[in-house]
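A.B. asks: Quick one: this structure, given as structure tokens, is what I'll be asking you about.
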There are 2 protein chains.
Amino acid sequence: METGAVQLDRRQRRRQETIEEVLDVAAELMREQGVAGLSIGEVARRMGIRPPSLYVYFDSKNALYDALFERGANLIADAMQTFGEQLDDTLPLEDSLLVSANAFIKWAVEHPEYTQLLFWRPVPGFSPSERAYAPAIRLVELSQQRLALLQRRGLLRDDIALEDIQRDWTVITSGIVSQQLANEPGQPFESGTFTSAIPRVVAMFARQYASTQPTRRARHADKR
Amino acid sequence: METGAVQLDRRQRRRQETIEEVLDVAAELMREQGVAGLSIGEVARRMGIRPPSLYVYFDSKNALYDALFERGANLIADAMQTFGEQLDDTLPLEDSLLVSANAFIKWAVEHPEYTQLLFWRPVPGFSPSERAYAPAIRLVELSQQRLALLQRRGLLRDDIALEDIQRDWTVITSGIVSQQLANEPGQPFESGTFTSAIPRVVAMFARQYASTQPTRRARHADKR
DNA sequence: GTCTATATGACGATAGAC
DNA sequence: GTCTATCGTCATATAGAC
């Protein structure tokens with residue numbers, strides 16, 4: 001019994017390691033060839049095995065895309081969560097928005113293989129499963145919570161629905177990402193034409209949605 | 001001689017008609033299956049011919065993508081040029097920007113097959129040729145000319161480089177398009193979650209880049 | 001349980017007959 | 001200009017060795 005359980009653990013661990021290696025190689029391939037350029041045969045070739053062996057770990061190519069989608073969503077959600085926890089909660093509005101935008105866009109531009117899979121629709125016939133989509137929802141909620149906090153601190157206007165503010169924030173950040181990746185692929189975050197526009201665009205957003213109310217210290221919420 | 005020339009004309013016209021039919025069917029396929037779902041075999045099947053016959057008109061699948069890129073860029077550039085010529089040149093800044101944004105985004109959302117090919121990078125290994133790219137440059141210049149006109153009319157700030165203003169304008173419009181197409185594909189322009197944000201986002205842009213100088217002649221609005 | 005060997009059918013592409 | 005025949009590669013499926 002004991003031995004059986006240990007062997008099962010070992011086997012499962014070994015299996016999980018192989019799965020991670022497949023995902024590593026697949027992500028590398030998507031980075032080199034573009035998301036739609038992923039090929040089961042090439043993954044197997046680089047791993048030194050035969051293509052059919054991959055079907056032990058993934059039922060289909062779309063199942064592999066699904067696992068990559070889930071992994072990418074978890075990676076960026078984790079990155080943004082860690083970033084949020086380290087964030088100085090006393091920063092003024094524009095500074096706070098600027099560091100958030102920089103963190104998200106930098107990750108997105110430096111991981112184009114996941115960004116394209118997560119935020120564009122490059123693979124015909126592939127839709128993420130509910131399971132794979134869950135961490136993507138977590139990412140949206142994280143962004144919402146950060147904006148809600150700014151609203152509670154009295155820095156963001158509260159006469160406009162948080163939902164609308166978040167939508168505009170998403171439009172701006174994803175607009176920079178998509179322009180940068182489509183027009184200057186491979187260009188580093190620090191020197192991109194569109195990533196360089198982040199401060200200007202964030203200033204525009206901050207100016208529009210900054211609270212016009214004088215900020216009282218430790219303000220909770222009071223409508224005019 | 002005369003007969004030869006006439007026959008050549010007729011042959012060339014016939015050839016051009018076939019090419020247009022191939023492009024029509026290919027665009028239809030990209031709309032149904034996604035840009036990367038285009039298949040030479042399926043195009044031939046729908047045209048009632050054999051796949052190798054298509055190679056008379058296009059050297060490769062990427063040559064077909066190239067012709068589709070050129071066609072799409074010409075379609076949207078023509079649409080925006082016609083729109084610009086009909087535009088009322090006395091409109092105030094925000095109105096002028098709003099109708100421009102609506103025209104561009106409406107076209108983009110209603111032609112996702114061309115938009116994806118033109119503004120994303122969904123096809124591994126495909127880059128548009130110089131010839132195919134030329135009308136895309138014309139589109140950028142059109143947008144630049146419209147913003148320059150607004151600047152000359154004294155409506156847009158002239159203390160910021162036109163280039164930077166245009167970059168931010170591109171980020172905003174393409175951000176709406178990419179979010180709308182990626183998150184709600186198939187949703188009509190009129191009822192999209194992100195297309196509905198156009199007035200708010202354009203207002204944000206107009207507020208940031210409106211000239212602070214009082215306009216001398218035929219002034220429409222005055223600040224605070 | 002995990003792999004190899006092998007097969008199927010679709011794809012893009014080419015050569016050559018008519 | 002269109003066809004048939006054919007090639008190599010792809011995703012995918014199954015049979016069976018260890």
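Note on naming: chains are A, B, ... as they come in the structure tokens, residues start from 1 per chain, ligands start from 1 in the order shown.
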Using only C-alpha atoms (C1' of nucleotides), tabulate the residues of chain C lying at most 12 Å from any atom of chain B, each with its closest atom pair and that distance in Å to one decimal, by chain and increasing residue number, as JSON lines.

C.D. replies:
{"residue": "C:DA10", "atom": "C1'", "partner": "B:Gly41", "partner_atom": "CA", "distance": 9.2}
{"residue": "C:DC11", "atom": "C1'", "partner": "B:Gly41", "partner_atom": "CA", "distance": 7.8}
{"residue": "C:DG12", "atom": "C1'", "partner": "B:Lys61", "partner_atom": "CA", "distance": 7.6}
{"residue": "C:DA13", "atom": "C1'", "partner": "B:Ser60", "partner_atom": "CA", "distance": 8.0}
{"residue": "C:DT14", "atom": "C1'", "partner": "B:Pro52", "partner_atom": "CA", "distance": 8.9}
{"residue": "C:DA15", "atom": "C1'", "partner": "B:Pro52", "partner_atom": "CA", "distance": 11.1}

A.B. asks: Please produce an output containing N, CA, C and O atoms (P, O5', C5', C4', C3', O3' and C1' of nucleotides) for each residue in the selection, written as a PDB file, in the first residue's frame.

C.D. replies:
ATOM      1  P    DA C  10      -9.522  14.149 -46.213  1.00  0.00           P
ATOM      2  O5'  DA C  10      -8.865  15.599 -46.067  1.00  0.00           O
ATOM      3  C5'  DA C  10      -8.993  16.305 -44.843  1.00  0.00           C
ATOM      4  C4'  DA C  10      -7.764  17.168 -44.669  1.00  0.00           C
ATOM      5  C3'  DA C  10      -7.495  18.100 -45.853  1.00  0.00           C
ATOM      6  O3'  DA C  10      -7.817  19.443 -45.518  1.00  0.00           O
ATOM      7  C1'  DA C  10      -5.491  17.002 -45.077  1.00  0.00           C
ATOM      8  P    DC C  11      -7.756  20.562 -46.667  1.00  0.00           P
ATOM      9  O5'  DC C  11      -6.229  21.025 -46.638  1.00  0.00           O
ATOM     10  C5'  DC C  11      -5.707  21.661 -45.465  1.00  0.00           C
ATOM     11  C4'  DC C  11      -4.198  21.704 -45.557  1.00  0.00           C
ATOM     12  C3'  DC C  11      -3.682  22.421 -46.794  1.00  0.00           C
ATOM     13  O3'  DC C  11      -3.562  23.798 -46.527  1.00  0.00           O
ATOM     14  C1'  DC C  11      -2.403  20.449 -46.289  1.00  0.00           C
ATOM     15  P    DG C  12      -3.474  24.796 -47.798  1.00  0.00           P
ATOM     16  O5'  DG C  12      -1.936  24.735 -48.200  1.00  0.00           O
ATOM     17  C5'  DG C  12      -0.955  25.177 -47.269  1.00  0.00           C
ATOM     18  C4'  DG C  12       0.427  24.989 -47.857  1.00  0.00           C
ATOM     19  C3'  DG C  12       0.673  25.760 -49.157  1.00  0.00           C
ATOM     20  O3'  DG C  12       1.983  26.313 -49.141  1.00  0.00           O
ATOM     21  C1'  DG C  12       0.981  23.442 -49.532  1.00  0.00           C
ATOM     22  P    DA C  13       2.421  27.234 -50.429  1.00  0.00           P
ATOM     23  O5'  DA C  13       3.041  26.180 -51.454  1.00  0.00           O
ATOM     24  C5'  DA C  13       4.200  25.450 -51.061  1.00  0.00           C
ATOM     25  C4'  DA C  13       4.524  24.412 -52.120  1.00  0.00           C
ATOM     26  C3'  DA C  13       4.626  24.970 -53.548  1.00  0.00           C
ATOM     27  O3'  DA C  13       5.997  25.015 -53.924  1.00  0.00           O
ATOM     28  C1'  DA C  13       3.495  22.851 -53.446  1.00  0.00           C
ATOM     29  P    DT C  14       6.412  25.566 -55.371  1.00  0.00           P
ATOM     30  O5'  DT C  14       6.552  24.252 -56.260  1.00  0.00           O
ATOM     31  C5'  DT C  14       7.307  23.155 -55.757  1.00  0.00           C
ATOM     32  C4'  DT C  14       7.294  22.023 -56.764  1.00  0.00           C
ATOM     33  C3'  DT C  14       7.484  22.461 -58.222  1.00  0.00           C
ATOM     34  O3'  DT C  14       8.534  21.695 -58.795  1.00  0.00           O
ATOM     35  C1'  DT C  14       5.579  21.049 -58.014  1.00  0.00           C
ATOM     36  P    DA C  15       9.038  22.020 -60.321  1.00  0.00           P
ATOM     37  O5'  DA C  15       8.476  20.756 -61.106  1.00  0.00           O
ATOM     38  C5'  DA C  15       8.549  19.458 -60.510  1.00  0.00           C
ATOM     39  C4'  DA C  15       8.079  18.411 -61.515  1.00  0.00           C
ATOM     40  C3'  DA C  15       8.312  18.792 -62.978  1.00  0.00           C
ATOM     41  O3'  DA C  15       8.658  17.615 -63.720  1.00  0.00           O
ATOM     42  C1'  DA C  15       5.983  18.541 -62.583  1.00  0.00           C
TER      43       DA C  15
END

A.B. asks: Over all Cα atoms paired in order, how far apart are chain A and chain B after a least-squares superposition, as an RMSD in Å?

C.D. replies: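 Computed on C-alpha atoms only, the RMSD stands at 2.9 Å.
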
A.B. asks: Residues of chain D near chain B: apply a cut-off of 9 Å, count only C-alpha atoms (C1' of nucleotides), and supply the list as a list in words.

C.D. replies: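 The selection requested is DG1, DT2 and DC3 of chain D.
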
A.B. asks: Excluding same-chain residues fewer than 4 positions from Pro188 (chain B), what lies within 8 Å of it counting only C-alpha atoms (C1' of nucleotides), as a list in words?

C.D. replies: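 Residues near the query, excluding close chain neighbours: Val109, Glu110 and Gly192 of chain B.
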
A.B. asks: Mind listing as a PDB file with C-alpha atoms, in the first residue's frame which residues of chain A are within 9 Å of chain B, counting only C-alpha atoms?

C.D. replies:
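Output file iface-v6.pdb is given in full below:
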ATOM      1  CA  GLN A  33       7.365  31.011 -34.994  1.00  0.00           C
ATOM      2  CA  GLY A  34       4.291  32.862 -33.781  1.00  0.00           C
ATOM      3  CA  VAL A  35       1.404  31.355 -31.879  1.00  0.00           C
ATOM      4  CA  ALA A  36      -0.160  29.676 -34.907  1.00  0.00           C
ATOM      5  CA  GLY A  37       3.237  28.222 -35.859  1.00  0.00           C
ATOM      6  CA  GLN A 116      -0.951  36.810 -28.440  1.00  0.00           C
ATOM      7  CA  PHE A 119      -5.421  38.669 -25.881  1.00  0.00           C
ATOM      8  CA  TRP A 120      -5.776  38.034 -29.620  1.00  0.00           C
ATOM      9  CA  ARG A 121      -7.513  35.135 -31.379  1.00  0.00           C
ATOM     10  CA  PRO A 122      -4.755  33.684 -33.552  1.00  0.00           C
ATOM     11  CA  VAL A 123      -5.734  30.005 -33.549  1.00  0.00           C
ATOM     12  CA  PRO A 124      -8.759  29.018 -35.672  1.00  0.00           C
ATOM     13  CA  GLY A 125     -11.070  26.725 -33.792  1.00  0.00           C
ATOM     14  CA  ASP A 164     -16.515  52.148 -17.355  1.00  0.00           C
ATOM     15  CA  ARG A 167     -12.942  49.506 -19.640  1.00  0.00           C
ATOM     16  CA  ASP A 168     -11.137  52.665 -20.702  1.00  0.00           C
ATOM     17  CA  THR A 170      -8.097  48.264 -20.563  1.00  0.00           C
ATOM     18  CA  VAL A 171      -8.495  49.946 -23.948  1.00  0.00           C
ATOM     19  CA  ILE A 172      -5.459  52.127 -23.347  1.00  0.00           C
ATOM     20  CA  THR A 173      -3.109  49.489 -21.971  1.00  0.00           C
ATOM     21  CA  SER A 174      -4.070  46.845 -24.507  1.00  0.00           C
ATOM     22  CA  GLY A 175      -3.877  49.443 -27.275  1.00  0.00           C
ATOM     23  CA  ILE A 176      -0.238  50.108 -26.437  1.00  0.00           C
ATOM     24  CA  VAL A 177       0.533  46.395 -26.228  1.00  0.00           C
ATOM     25  CA  SER A 178      -1.101  45.501 -29.531  1.00  0.00           C
ATOM     26  CA  GLN A 179       0.462  48.393 -31.433  1.00  0.00           C
ATOM     27  CA  LEU A 181       3.739  43.906 -30.762  1.00  0.00           C
ATOM     28  CA  ALA A 182       2.199  44.301 -34.217  1.00  0.00           C
ATOM     29  CA  ASN A 183       4.378  47.152 -35.506  1.00  0.00           C
ATOM     30  CA  THR A 193       7.891  53.570 -29.994  1.00  0.00           C
ATOM     31  CA  PHE A 194       4.572  52.744 -28.367  1.00  0.00           C
ATOM     32  CA  ALA A 197       4.060  56.691 -25.092  1.00  0.00           C
ATOM     33  CA  ARG A 200       1.781  60.553 -21.955  1.00  0.00           C
ATOM     34  CA  VAL A 201      -1.201  58.250 -22.301  1.00  0.00           C
ATOM     35  CA  ALA A 203      -1.298  61.270 -17.900  1.00  0.00           C
ATOM     36  CA  MET A 204      -4.237  61.674 -20.254  1.00  0.00           C
ATOM     37  CA  PHE A 205      -6.172  58.981 -18.408  1.00  0.00           C
ATOM     38  CA  ARG A 207      -6.306  63.841 -15.900  1.00  0.00           C
ATOM     39  CA  GLN A 208      -9.696  62.625 -17.124  1.00  0.00           C
ATOM     40  CA  TYR A 209     -10.531  60.418 -14.168  1.00  0.00           C
TER      41      TYR A 209
END

A.B. asks: Tell me which protein, DNA and RNA residues are within 10 Å of DA5 (chain C), counting only C-alpha atoms (C1' of nucleotides), leaving out same-chain ones fewer than 6 positions away, and put them as a ChimeraX atom specification.

C.D. replies: /A:50 /D:15-17

A.B. asks: Closest to Thr115 (chain B) among B:Tyr133, B:Asp88, B:Ser96, B:Ala73, using only C-alpha atoms?

C.D. replies: B:Ala73

A.B. asks: Neighbours of Ala148 (chain B) within 12 Å (only C-alpha atoms (C1' of nucleotides); same-chain residues fewer than 6 positions away dropped), as a list in words?

C.D. replies: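 The residues that qualify are Glu141, Leu142, Gly154, Leu155, Leu156, Arg157, Asp158, Ile160, Ala161, Leu162, Glu163, Asp164, Ile165 and Gln166 of chain B.
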
A.B. asks: Please return, as a PyMOL selection string, all residues of region 37-94 of chain B that DSSP assigns to helix (DSSP H, G or I) on the basis of the backbone.

C.D. replies: chain B and resi 37+40-47+51-56+61-86+93-94

A.B. asks: For region 16-27 of chain A, find every residue with an atom within 9 Å (counting only C-alpha atoms (C1' of nucleotides)), except residues of its own chain fewer than 6 positions away, and show them as a list in words.

C.D. replies: Val35, Leu38, Ser39, Ile40, Glu42, Val43, Ala44, Arg46, Met47, Leu54, Tyr57, Phe58, Leu64, Tyr65, Ala67, Leu68, Arg71, Glu113 and Tyr114 of chain A

A.B. asks: Would you write out those residues with C-alpha atoms, as an mmCIF file, in the first residue's frame?

C.D. replies:
data_model
loop_
_atom_site.group_PDB
_atom_site.id
_atom_site.type_symbol
_atom_site.label_atom_id
_atom_site.label_comp_id
_atom_site.auth_asym_id
_atom_site.auth_seq_id
_atom_site.Cartn_x
_atom_site.Cartn_y
_atom_site.Cartn_z
ATOM 1 C CA VAL A 35 1.404 31.355 -31.879
ATOM 2 C CA LEU A 38 3.174 25.729 -33.009
ATOM 3 C CA SER A 39 3.562 22.174 -34.299
ATOM 4 C CA ILE A 40 3.209 18.906 -32.392
ATOM 5 C CA GLU A 42 8.406 20.046 -33.891
ATOM 6 C CA VAL A 43 7.791 19.862 -30.129
ATOM 7 C CA ALA A 44 8.397 16.107 -30.232
ATOM 8 C CA ARG A 46 13.047 19.007 -29.907
ATOM 9 C CA MET A 47 12.226 16.687 -27.012
ATOM 10 C CA LEU A 54 2.781 13.625 -26.858
ATOM 11 C CA TYR A 57 -0.022 14.040 -22.061
ATOM 12 C CA PHE A 58 -2.318 16.119 -24.251
ATOM 13 C CA LEU A 64 -1.977 21.899 -25.568
ATOM 14 C CA TYR A 65 -3.066 25.426 -26.499
ATOM 15 C CA ALA A 67 -2.779 24.358 -21.127
ATOM 16 C CA LEU A 68 -0.587 27.148 -22.541
ATOM 17 C CA ARG A 71 -0.249 28.800 -17.856
ATOM 18 C CA GLU A 113 3.898 34.219 -27.179
ATOM 19 C CA TYR A 114 1.486 34.208 -24.238
#

A.B. asks: Just want the 12 Å neighbourhood of DC18 (chain D), counted on only C-alpha atoms (C1' of nucleotides), with same-chain residues fewer than 4 positions away dropped. Output as number ranges by chain.

C.D. replies: C: 1-4
